[in-house]
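Student: Have a look at this one before I ask anything.
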Amino acid sequence: MTNSPSNAEVNVTNASDHPFSQSTYGILAILSEGAKSGYEIKKFLSGQELFYWRESFGNIYPILKKLKAQGLVRQIDADIRKKRRIYYEITEDGHAELRRWLTTPPALTRFRVELLMKLRFGEISGVENMISNIEHYRELNIAEIDECRELIESMKENGEGLTDEVRAIAALYLLRFKQAMNDWCTESIEILDRWS
């Protein structure tokens, strides 16, 4: 087998082999699309498109400082209307580290779900309260399903290249997840109704 771009070997490592947190790699990825200030990174992360990656504003600047110290980003000073803004851009070493992370299989996501914790210990508040919590969760979920459908339609209408297709894939993930959550809510209420 020849080592051409189509069948080149990929160095596969474990997520734990990476020297930085997932948050750090997320910021590197955002900077790979162009220089941004810390505020612009936060704004980008807060947008509808990156529903799957949230970051505390308080974490962004310490991460940028660490990336700069490691030589993975460089600082660019810019004066805009007499307000000094600091921009950061990714370096070649930063691109190399980002590529290394991107070629590593993703770890299984572990997450916190407040509703599940409340249900697990819900006998304290009673079955009716558990059902009420699920119904509230389902209402929020249904609203997000509608928003997600609108986002996908917008992407279909305005999309042109691979990047737009990948964005649509991410939105489709959210839609399917929310639909599954809606089904779960219905089934859970049916189960709990037997105890009310």
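Here's how to read the names in the structure tokens: chain A, B, ... by the order shown, residue numbers from 1 in each chain, ligand numbers from 1 in the order shown.
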I'd like to know which residues of chain A are strand (DSSP E) (by DSSP, run on the backbone); could you write them as a list in words?

Tutor: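 Output for chain A, strand (DSSP E) only: Lys36, Ser37, Val73, Arg74, Gln75, Ile76, Asp77, Ala78, Asp79, Ile80, Lys83, Arg84, Arg85, Ile86, Tyr87, Tyr88, Glu89 and Ile90 of chain A.
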
Student: Could you list, as a PDB file with C-alpha atoms, in the first residue's frame, every residue within 7 Å of A:Arg138, counting only C-alpha atoms and ignoring same-chain residues fewer than 4 positions away?

Tutor:
```pdb
ATOM      1  CA  ILE A 134     -40.687  16.011  32.838  1.00  0.00           C
ATOM      2  CA  ILE A 142     -40.152  21.049  21.840  1.00  0.00           C
ATOM      3  CA  ASN A 182     -39.118  14.145  23.422  1.00  0.00           C
ATOM      4  CA  CYS A 185     -40.286  12.289  28.051  1.00  0.00           C
TER       5      CYS A 185
END
```

Student: Which residues of stretch 34-64 of chain A have any atom within 12 Å of an atom in stretch 174-178 of chain A when counting only C-alpha atoms, and what is the closest pair of atoms for each, with the distance in Å to one decimal? Order the rows by chain and rising number and write it as a Markdown table.

Tutor:
```
| residue | atom | partner | partner_atom | distance |
| --- | --- | --- | --- | --- |
| A:Gln48 | CA | A:Leu174 | CA | 11.2 |
| A:Glu49 | CA | A:Leu174 | CA | 10.4 |
| A:Leu50 | CA | A:Leu174 | CA | 10.5 |
| A:Phe51 | CA | A:Leu174 | CA | 8.2 |
| A:Tyr52 | CA | A:Leu174 | CA | 8.2 |
```

Student: Please produce a file of those selected residues containing N, CA and C atoms, as an mmCIF file, in the first residue's frame.

Tutor:
```cif
data_model
loop_
_atom_site.group_PDB
_atom_site.id
_atom_site.type_symbol
_atom_site.label_atom_id
_atom_site.label_comp_id
_atom_site.auth_asym_id
_atom_site.auth_seq_id
_atom_site.Cartn_x
_atom_site.Cartn_y
_atom_site.Cartn_z
ATOM 1 N N GLN A 48 -25.710 30.296 18.012
ATOM 2 C CA GLN A 48 -26.590 29.149 17.818
ATOM 3 C C GLN A 48 -25.859 27.969 17.186
ATOM 4 N N GLU A 49 -24.907 28.257 16.321
ATOM 5 C CA GLU A 49 -24.226 27.183 15.596
ATOM 6 C C GLU A 49 -23.459 26.236 16.511
ATOM 7 N N LEU A 50 -22.793 26.767 17.528
ATOM 8 C CA LEU A 50 -21.969 25.927 18.401
ATOM 9 C C LEU A 50 -22.719 25.530 19.672
ATOM 10 N N PHE A 51 -23.956 25.072 19.503
ATOM 11 C CA PHE A 51 -24.774 24.633 20.633
ATOM 12 C C PHE A 51 -24.090 23.528 21.422
ATOM 13 N N TYR A 52 -23.208 22.801 20.793
ATOM 14 C CA TYR A 52 -22.576 21.624 21.390
ATOM 15 C C TYR A 52 -21.282 21.951 22.128
#
```

Student: Between A:Lys66, A:His136, A:His95, A:Arg110, which has the minimum distance to A:Ala29 (counting only C-alpha atoms)?

Tutor: A:His95

Student: Write out as a compact mmCIF listing (two decimals) with C-alpha atoms, in the first residue's frame the residues lying within 12 Å of stretch 187-193 of chain A, counting only C-alpha atoms and excluding same-chain residues fewer than 6 positions away.

Tutor:
```
# COMPACT_ATOMS: atom_id res chain seq x y z
CA LEU A 115 -33.69 16.33 35.39
CA LEU A 116 -32.29 12.82 35.79
CA LEU A 119 -35.99 12.01 39.05
CA GLY A 122 -37.82 12.35 43.15
CA GLU A 123 -39.69 10.14 45.59
CA GLY A 126 -43.60 12.85 44.91
CA VAL A 127 -44.60 11.36 41.58
CA GLU A 128 -46.76 14.33 40.56
CA ASN A 129 -43.76 16.65 40.89
CA MET A 130 -41.60 14.25 38.87
CA ILE A 131 -44.21 14.22 36.09
CA SER A 132 -44.45 18.01 36.24
CA ASN A 133 -40.66 18.30 35.88
CA ILE A 134 -40.69 16.01 32.84
CA GLU A 135 -43.57 17.94 31.25
CA HIS A 136 -41.69 21.22 31.76
CA TYR A 137 -38.54 19.69 30.26
CA ARG A 138 -40.53 18.41 27.28
CA ALA A 180 -35.21 11.29 21.11
CA MET A 181 -35.52 13.34 24.32
```

Student: Rounded to one decimal in Å, what is the spacing between atom CA of A:Arg167 and atom CA of A:Ile145?

Tutor: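 Computed distance, atom CA of A:Arg167 to atom CA of A:Ile145, equals 16.3 Å.
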
Student: At a cut-off of 10 Å, using only C-alpha atoms, what residues contact stretch 43-45 of chain A? Leave out same-chain residues fewer than 3 positions from it and give the result as a ChimeraX atom specification.

Tutor: /A:26-27,30,36-40,48-57

Student: What are the DSSP helix (DSSP H, G or I) residues of stretch 10-125 of chain A, as a ChimeraX atom specification?

Tutor: /A:15-17,22-31,38-46,57-69,92-102,114-120,122-124

Student: Looking at only C-alpha atoms, which of A:Gln179, A:Thr186, A:Thr103, A:Ser23 is the one that sits closest to A:Asn141?

Tutor: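 Nearest candidate to A:Asn141 out of A:Gln179, A:Thr186, A:Thr103, A:Ser23: A:Gln179.
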
Student: Determine the nearest neighbour of A:Ile41 from the options A:Tyr87, A:Phe121, A:Phe20, A:Trp101, counting only C-alpha atoms.

Tutor: A:Tyr87

Student: Can you tell me, as JSON, numbers by chain, what residues are no more than 9 Å from A:Glu153 when counting only C-alpha atoms, ignoring any on the same chain fewer than 5 positions away?

Tutor: {"A": [148, 158, 168]}

Student: With N, CA and C atoms retained, export the selected residues as a PDB file, in the first residue's frame.

Tutor:
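To be explicit, this is the file written out as again_10.pdb:
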```pdb
ATOM      1  N   CYS A 148     -34.343  24.290  15.965  1.00  0.00           N
ATOM      2  CA  CYS A 148     -33.371  23.481  15.243  1.00  0.00           C
ATOM      3  C   CYS A 148     -33.814  23.255  13.800  1.00  0.00           C
ATOM      4  N   ASN A 158     -28.879  28.526   2.429  1.00  0.00           N
ATOM      5  CA  ASN A 158     -27.714  29.392   2.280  1.00  0.00           C
ATOM      6  C   ASN A 158     -26.396  28.648   2.124  1.00  0.00           C
ATOM      7  N   ALA A 168     -24.599  21.730   8.956  1.00  0.00           N
ATOM      8  CA  ALA A 168     -25.930  21.119   8.885  1.00  0.00           C
ATOM      9  C   ALA A 168     -25.942  19.762   9.586  1.00  0.00           C
TER      10      ALA A 168
END
```
